[in-house]
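Chemist: Structure supplied as coords39.cif; contents: mmCIF, C-alpha atoms.
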```cif
data_data
loop_
_atom_site.label_atom_id
_atom_site.label_comp_id
_atom_site.auth_asym_id
_atom_site.auth_seq_id
_atom_site.Cartn_x
_atom_site.Cartn_y
_atom_site.Cartn_z
CA MET F 184 8.01 2.35 9.78
CA SER F 185 6.96 3.90 13.11
CA GLY F 186 3.50 4.88 11.86
CA ASN F 187 2.77 1.47 10.37
CA ILE F 188 4.09 -0.45 13.40
CA LEU F 189 1.97 1.76 15.69
CA ILE F 190 -1.15 0.99 13.65
CA VAL F 191 -0.53 -2.78 13.75
CA VAL F 192 -0.02 -2.70 17.53
CA LEU F 193 -3.17 -0.62 18.09
CA ILE F 194 -5.33 -2.89 15.91
CA VAL F 195 -4.07 -6.06 17.61
CA ALA F 196 -4.33 -4.67 21.16
CA ASN F 197 -7.72 -2.92 20.93
CA GLN F 198 -10.80 -5.14 20.59
CA HIS F 199 -12.90 -2.25 19.26
CA LEU F 200 -10.68 -2.27 16.15
CA HIS F 201 -11.29 -5.95 15.41
CA THR F 202 -13.52 -5.19 12.41
CA PRO F 203 -13.10 -5.96 8.67
CA MET F 204 -11.96 -2.41 7.84
CA TYR F 205 -9.17 -2.44 10.44
CA PHE F 206 -8.27 -6.02 9.57
CA PHE F 207 -7.51 -4.82 6.02
CA LEU F 208 -5.72 -1.72 7.33
CA GLY F 209 -3.57 -3.90 9.58
CA ASN F 210 -2.60 -6.03 6.58
CA LEU F 211 -1.79 -2.88 4.60
CA SER F 212 0.44 -1.63 7.42
CA CYS F 213 2.25 -4.98 7.63
CA LEU F 214 2.76 -4.82 3.89
CA GLU F 215 4.13 -1.27 4.09
CA ILE F 216 6.58 -2.33 6.82
CA GLY F 217 7.98 -5.06 4.58
CA TYR F 218 7.82 -2.73 1.59
CA THR F 219 9.88 -0.03 3.29
CA SER F 220 12.42 -2.41 4.84
CA THR F 221 13.06 -4.05 1.45
CA ILE F 222 14.38 -0.90 -0.25
CA LEU F 223 15.13 1.99 2.09
CA PRO F 224 17.70 0.47 4.52
CA ARG F 225 19.98 -0.57 1.62
CA MET F 226 19.52 2.80 -0.07
CA LEU F 227 20.27 4.74 3.14
CA ALA F 228 23.36 2.60 3.81
CA SER F 229 24.62 3.39 0.29
CA LEU F 230 24.10 7.11 0.84
CA LEU F 231 25.84 7.09 4.24
CA THR F 232 28.80 4.82 3.51
CA GLY F 233 29.28 5.46 -0.20
CA ASP F 234 29.31 1.68 -0.84
CA ARG F 235 26.73 1.21 -3.57
CA THR F 236 27.58 -2.36 -4.55
CA ILE F 237 25.14 -5.24 -4.29
CA SER F 238 25.51 -8.89 -5.32
CA VAL F 239 23.52 -10.30 -8.23
CA SER F 240 21.65 -12.71 -5.95
CA GLY F 241 20.96 -9.91 -3.45
CA CYS F 242 19.68 -7.69 -6.25
CA ILE F 243 17.33 -10.39 -7.58
CA MET F 244 16.12 -11.11 -4.03
CA GLN F 245 15.38 -7.41 -3.47
CA PHE F 246 13.45 -7.29 -6.73
CA ASN F 247 11.53 -10.45 -5.77
CA TRP F 248 10.35 -9.05 -2.41
CA PHE F 249 9.63 -5.62 -3.83
CA SER F 250 7.60 -6.86 -6.81
CA SER F 251 5.70 -9.34 -4.60
CA LEU F 252 4.65 -6.62 -2.16
CA VAL F 253 3.67 -4.25 -4.99
CA ALA F 254 1.38 -6.91 -6.47
CA VAL F 255 -0.11 -7.65 -3.03
CA GLU F 256 -0.75 -3.94 -2.44
CA CYS F 257 -2.58 -3.60 -5.76
CA ALA F 258 -4.93 -6.42 -4.79
CA LEU F 259 -5.28 -5.24 -1.18
CA LEU F 260 -6.23 -1.67 -2.17
CA ALA F 261 -8.97 -3.09 -4.40
CA VAL F 262 -10.23 -5.25 -1.51
CA MET F 263 -10.26 -2.24 0.83
CA SER F 264 -12.18 -0.11 -1.68
CA TYR F 265 -14.75 -2.91 -2.07
CA ASP F 266 -15.08 -3.11 1.72
CA ARG F 267 -15.79 0.65 1.91
CA TYR F 268 -18.25 0.34 -0.97
CA LEU F 269 -20.27 -2.28 0.90
CA ALA F 270 -20.11 -0.33 4.17
CA ILE F 271 -21.31 2.98 2.65
CA CYS F 272 -23.49 1.95 -0.29
CA LYS F 273 -25.03 -1.24 1.17
CA PRO F 274 -24.85 -0.85 4.96
CA LEU F 275 -27.74 -3.25 5.67
CA HIS F 276 -25.98 -6.10 3.85
CA TYR F 277 -22.48 -5.26 5.08
CA ALA F 278 -22.36 -7.38 8.25
CA MET F 279 -23.77 -10.42 6.47
CA GLN F 280 -21.59 -10.20 3.34
CA MET F 281 -18.29 -9.01 4.85
CA ASN F 282 -17.95 -11.89 7.32
CA VAL F 283 -14.76 -13.34 8.80
CA SER F 284 -14.52 -16.09 6.19
CA LEU F 285 -14.74 -13.68 3.24
CA CYS F 286 -12.19 -11.30 4.82
CA LEU F 287 -9.67 -14.12 5.31
CA GLN F 288 -10.26 -15.43 1.79
CA MET F 289 -9.75 -12.03 0.12
CA VAL F 290 -6.63 -11.20 2.13
CA SER F 291 -5.13 -14.67 1.60
CA LEU F 292 -5.83 -14.46 -2.13
CA SER F 293 -4.15 -11.04 -2.29
CA TRP F 294 -0.97 -12.25 -0.58
CA ILE F 295 -0.74 -15.61 -2.38
CA SER F 296 -1.45 -14.25 -5.88
CA GLY F 297 1.04 -11.39 -5.42
CA PHE F 298 3.89 -13.67 -4.35
CA LEU F 299 3.07 -16.27 -7.04
CA ALA F 300 3.17 -13.66 -9.82
CA SER F 301 6.49 -12.31 -8.57
CA THR F 302 7.96 -15.80 -8.25
CA VAL F 303 7.23 -16.45 -11.93
CA THR F 304 8.98 -13.24 -12.96
CA THR F 305 11.95 -13.75 -10.62
CA SER F 306 12.51 -17.36 -11.69
CA LEU F 307 12.68 -16.26 -15.34
CA LEU F 308 15.00 -13.37 -14.45
CA ALA F 309 17.37 -15.62 -12.49
CA GLN F 310 17.98 -17.77 -15.59
CA PHE F 311 19.46 -14.88 -17.58
CA THR F 312 23.17 -14.14 -17.93
CA PHE F 313 24.33 -10.68 -16.82
CA CYS F 314 27.30 -9.14 -18.59
CA GLY F 315 28.63 -5.85 -19.92
CA PRO F 316 28.08 -2.81 -17.67
CA ASN F 317 27.49 -3.61 -14.03
CA GLU F 318 25.86 -0.32 -13.00
CA ILE F 319 22.12 -0.13 -12.35
CA ASP F 320 20.68 3.24 -13.31
CA HIS F 321 18.29 3.29 -10.34
CA PHE F 322 18.25 3.57 -6.55
CA PHE F 323 17.06 -0.05 -6.15
CA CYS F 324 16.93 -3.26 -8.20
CA ASP F 325 13.92 -2.69 -10.42
CA PHE F 326 12.87 -4.69 -13.46
CA THR F 327 13.80 -2.37 -16.34
CA PRO F 328 17.34 -1.49 -15.13
CA LEU F 329 18.06 -5.21 -14.51
CA ILE F 330 16.81 -6.23 -17.95
CA LYS F 331 19.21 -3.76 -19.57
CA LEU F 332 22.16 -5.64 -18.03
CA CYS F 333 21.12 -9.03 -19.52
CA CYS F 334 23.00 -10.55 -22.45
CA SER F 335 20.20 -13.00 -23.32
CA ASP F 336 17.07 -12.36 -25.35
CA THR F 337 14.61 -10.73 -22.95
CA SER F 338 11.60 -10.31 -25.27
CA GLN F 339 9.69 -13.26 -23.77
CA MET F 340 10.48 -12.07 -20.26
CA GLU F 341 9.26 -8.56 -21.04
CA LEU F 342 6.03 -9.94 -22.53
CA VAL F 343 5.33 -12.06 -19.42
CA THR F 344 6.04 -9.11 -17.13
CA PHE F 345 3.79 -6.82 -19.17
CA ILE F 346 0.92 -9.34 -18.99
CA LEU F 347 1.32 -9.85 -15.23
CA SER F 348 1.60 -6.09 -14.64
CA SER F 349 -1.57 -5.51 -16.67
CA ILE F 350 -3.44 -8.21 -14.72
CA PHE F 351 -2.45 -6.77 -11.35
CA THR F 352 -2.83 -3.07 -12.12
CA LEU F 353 -5.65 -2.46 -14.60
CA PRO F 354 -8.46 -4.66 -13.12
CA THR F 355 -7.67 -3.71 -9.51
CA PHE F 356 -7.40 -0.02 -10.43
CA LEU F 357 -10.74 -0.11 -12.29
CA LEU F 358 -12.41 -1.91 -9.37
CA THR F 359 -11.02 0.68 -6.96
CA VAL F 360 -12.14 3.62 -9.11
CA ILE F 361 -15.62 2.16 -9.66
CA SER F 362 -15.99 1.55 -5.91
CA TYR F 363 -15.03 5.13 -5.07
CA ILE F 364 -17.30 6.55 -7.78
CA SER F 365 -20.21 4.63 -6.23
CA ILE F 366 -19.18 5.89 -2.79
CA ILE F 367 -19.05 9.50 -3.99
CA ALA F 368 -22.47 9.09 -5.62
CA SER F 369 -23.85 7.89 -2.27
CA ILE F 370 -22.18 10.79 -0.45
CA LEU F 371 -23.84 13.29 -2.79
CA ARG F 372 -27.21 12.03 -1.57
CA ILE F 373 -26.38 12.88 2.07
CA PRO F 374 -28.64 15.80 3.10
CA SER F 375 -26.28 17.27 5.71
CA THR F 376 -23.68 19.61 4.18
CA THR F 377 -21.22 19.13 7.06
CA LYS F 378 -21.33 15.33 6.86
CA ARG F 379 -21.05 15.48 3.08
CA GLN F 380 -17.94 17.69 3.23
CA LYS F 381 -16.34 15.44 5.85
CA ALA F 382 -17.00 12.31 3.81
CA PHE F 383 -15.70 14.00 0.65
CA SER F 384 -12.52 15.05 2.47
CA THR F 385 -11.78 11.45 3.51
CA CYS F 386 -12.69 9.82 0.20
CA SER F 387 -10.86 12.38 -1.91
CA SER F 388 -7.62 11.87 0.02
CA HIS F 389 -7.96 8.10 -0.36
CA LEU F 390 -8.66 8.44 -4.08
CA ILE F 391 -5.71 10.79 -4.65
CA LEU F 392 -3.30 8.34 -2.98
CA VAL F 393 -4.69 5.38 -4.92
CA THR F 394 -4.44 7.33 -8.20
CA ILE F 395 -0.82 8.32 -7.49
CA PHE F 396 0.10 4.72 -6.61
CA TYR F 397 -1.57 3.07 -9.61
CA GLY F 398 -0.73 5.90 -12.01
CA THR F 399 3.01 5.81 -11.34
CA LEU F 400 3.03 2.00 -11.50
CA MET F 401 1.36 2.05 -14.91
CA ILE F 402 3.77 4.70 -16.22
CA VAL F 403 6.85 2.80 -15.06
CA TYR F 404 5.85 -0.77 -15.95
CA MET F 405 3.33 -0.56 -18.79
CA LEU F 406 4.49 2.32 -21.05
CA PRO F 407 7.21 1.68 -23.67
CA ASP F 408 10.75 2.23 -22.43
CA ARG F 409 11.57 5.46 -24.22
CA ALA F 410 14.28 7.91 -23.25
CA THR F 411 11.85 10.62 -22.10
CA VAL F 412 9.88 8.21 -19.89
CA GLY F 413 12.95 6.25 -18.78
CA ASN F 414 14.61 9.35 -17.34
CA LEU F 415 11.55 9.99 -15.16
CA ASN F 416 11.21 6.40 -13.92
CA LYS F 417 13.34 7.05 -10.84
CA VAL F 418 11.21 10.08 -9.97
CA PHE F 419 7.98 8.12 -10.40
CA SER F 420 9.41 5.22 -8.38
CA VAL F 421 9.83 7.50 -5.35
CA PHE F 422 6.04 7.92 -5.24
CA TYR F 423 5.23 4.24 -4.72
CA THR F 424 8.36 3.25 -2.78
CA VAL F 425 8.68 6.17 -0.33
CA LEU F 426 5.72 8.56 -0.50
CA THR F 427 2.86 6.04 -0.41
CA PRO F 428 4.16 3.97 2.57
CA MET F 429 4.84 7.21 4.48
CA VAL F 430 1.45 8.84 3.85
CA ASN F 431 -0.80 5.75 4.00
CA PRO F 432 -0.81 5.55 7.84
CA LEU F 433 -1.79 9.23 8.08
CA ILE F 434 -4.53 9.06 5.45
CA TYR F 435 -6.10 5.68 6.19
CA SER F 436 -5.75 5.30 9.95
CA LEU F 437 -4.32 8.12 12.07
CA ARG F 438 -7.01 10.55 10.82
CA ASN F 439 -9.66 8.07 11.98
CA LYS F 440 -11.48 8.89 15.24
CA GLU F 441 -11.54 5.28 16.45
CA VAL F 442 -7.78 4.90 15.92
CA ASN F 443 -7.13 8.22 17.69
CA ARG F 444 -9.31 7.11 20.60
CA ALA F 445 -7.44 3.80 20.83
CA LEU F 446 -4.13 5.69 20.70
CA ARG F 447 -5.18 7.99 23.56
CA LYS F 448 -6.24 5.00 25.68
CA ALA F 449 -2.91 3.30 25.03
CA LEU F 450 -1.01 6.46 26.00
CA VAL F 451 -3.00 6.81 29.22
CA LYS F 452 -2.14 3.21 30.15
CA CYS F 453 1.53 3.46 29.22
CA VAL F 454 2.36 6.99 30.43
CA PRO F 455 1.66 7.65 34.14
CA PHE F 456 0.31 11.19 34.25
CA PRO F 457 0.67 12.98 37.63
CA GLN F 458 -2.61 13.23 39.51
CA LYS F 459 -3.48 16.49 41.26
CA SER F 460 -4.98 16.19 44.71
CA VAL F 461 -8.02 18.35 45.41
CA LYS F 462 -8.71 19.57 48.93
CA ALA F 463 -12.37 20.05 49.78
CA ASN F 464 -13.35 22.81 52.18
CA SER F 465 -15.56 21.85 55.05
CA ILE F 466 -18.99 23.46 55.04
CA CYS F 467 -19.25 23.18 58.83
#
```
Show the structure stored in the file as structure tokens.
Modeler:
Amino acid sequence: MSGNILIVVLIVANQHLHTPMYFFLGNLSCLEIGYTSTILPRMLASLLTGDRTISVSGCIMQFNWFSSLVAVECALLAVMSYDRYLAICKPLHYAMQMNVSLCLQMVSLSWISGFLASTVTTSLLAQFTFCGPNEIDHFFCDFTPLIKLCCSDTSQMELVTFILSSIFTLPTFLLTVISYISIIASILRIPSTTKRQKAFSTCSSHLILVTIFYGTLMIVYMLPDRATVGNLNKVFSVFYTVLTPMVNPLIYSLRNKEVNRALRKALVKCVPFPQKSVKANSIC
């Protein structure tokens, strides 16, 4: 939470960070703030107090916000990878193509489509009757554990969810991978070994995080619900609910020189450092 809030404040306050790349990073940080506050406070309260109960409406609401933000993040990561592809592979066309209008359109489409897809799923889920056991075998209200508590026929619901999950994960993941492959191909053509290693270090860390995020999502939501996979779902869920929001600020922003420079300037303004007085000796 602290890392993502810090990034949003820096991007808003510093005019040098008012560029398409930081506009997308600011949106990602806002998303991660909502993402974290949807799941972790309730989970931490359960661990501290021992009260692990949640109402049906509260559970469905948590699932709605969580699934919406997951869908938005899938689209937003694809947009960010396309932005980096244009900046590195087509630098001469970047300023003309990645204009303010296109940035707003892509970000708006990511947020709207993510929340629309989740609203469809949640509205179908809310119509079901829950009976039988009232224990969710998970640390938050996810789709598969909720479906297991339904008394109604859930086959249509599962089909709709599978289709929406496929639409939001596979195309965006392929676009992200293709963008980074093109970026790596351009990096390989850099003559300087030092610059090539630096670029590889940044891109590889981005690609590892994206692979972990999309990979665990596909395992949890697209593979058949078998006992061997189902037992690992909670472990995989930790990757995209806790690990990714925690590491994203470090990988995408705080390792960036421009963000570090903006952070130092903000610290200098906010923290009054003591000034040492220097006495000059007279030469006379």
Chemist: Let me make sure I understand: among F:Thr232, F:Ser338, F:Ser375, F:Val442, which one has the smallest atom-to-atom distance to F:Leu208 if we use all atoms listed in the file?
Modeler: F:Val442
Chemist: With distances taken over only C-alpha atoms, which of F:Asn317, F:Thr424, F:Thr394, F:Ser348 is nearest to F:Arg235?
Modeler: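 Smallest separation from F:Arg235 among the options: F:Asn317.
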Chemist: From the set F:Leu433, F:Leu415, F:Leu193, F:Leu400, which residue has the shortest atom-to-atom contact distance to F:Ser250, counting only C-alpha atoms?
Modeler: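 Closest to F:Ser250, using only C-alpha atoms: F:Leu400.
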Chemist: Run through the PyMOL selection byres ((chain F and resi 350) around 12) on the given coordinates and return the selected residues as a PyMOL selection string.
Modeler: chain F and resi 254+257-258+296-297+300+343-349+351-357+401+404-405
Chemist: With C-alpha atoms retained, could you export that selection as a short mmCIF file (atom, residue, chain, number, x, y, z; two decimals), keeping the file's coordinate frame?
Modeler:
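again.cif, freshly written:
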```cif
data_model
loop_
_atom_site.label_atom_id
_atom_site.label_comp_id
_atom_site.auth_asym_id
_atom_site.auth_seq_id
_atom_site.Cartn_x
_atom_site.Cartn_y
_atom_site.Cartn_z
CA ALA F 254 1.38 -6.91 -6.47
CA CYS F 257 -2.58 -3.60 -5.76
CA ALA F 258 -4.93 -6.42 -4.79
CA SER F 296 -1.45 -14.25 -5.88
CA GLY F 297 1.04 -11.39 -5.42
CA ALA F 300 3.17 -13.66 -9.82
CA VAL F 343 5.33 -12.06 -19.42
CA THR F 344 6.04 -9.11 -17.13
CA PHE F 345 3.79 -6.82 -19.17
CA ILE F 346 0.92 -9.34 -18.99
CA LEU F 347 1.32 -9.85 -15.23
CA SER F 348 1.60 -6.09 -14.64
CA SER F 349 -1.57 -5.51 -16.67
CA PHE F 351 -2.45 -6.77 -11.35
CA THR F 352 -2.83 -3.07 -12.12
CA LEU F 353 -5.65 -2.46 -14.60
CA PRO F 354 -8.46 -4.66 -13.12
CA THR F 355 -7.67 -3.71 -9.51
CA PHE F 356 -7.40 -0.02 -10.43
CA LEU F 357 -10.74 -0.11 -12.29
CA MET F 401 1.36 2.05 -14.91
CA TYR F 404 5.85 -0.77 -15.95
CA MET F 405 3.33 -0.56 -18.79
#
```
Chemist: Determine the residue set returned by the PyMOL selection byres ((chain F and resi 203) around 8) for the present structure, and present it as a list in words.
Modeler: His201, Thr202, Met204, Tyr205, Phe206, Phe207, Asp266, Met281, Asn282, Val283 and Cys286 of chain F
Chemist: So which one's closest to F:Glu341, F:Val360, F:Leu308, F:Ile216, F:Ile319? Using all atoms listed in the file, please.
Modeler: F:Leu308
Chemist: Of the candidates F:Phe313, F:Phe383, F:Tyr277, F:Phe396, which one gets nearest to F:Ser240 if we count all atoms listed in the file?
Modeler: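 Of the candidates, the smallest distance to F:Ser240 is held by F:Phe313.
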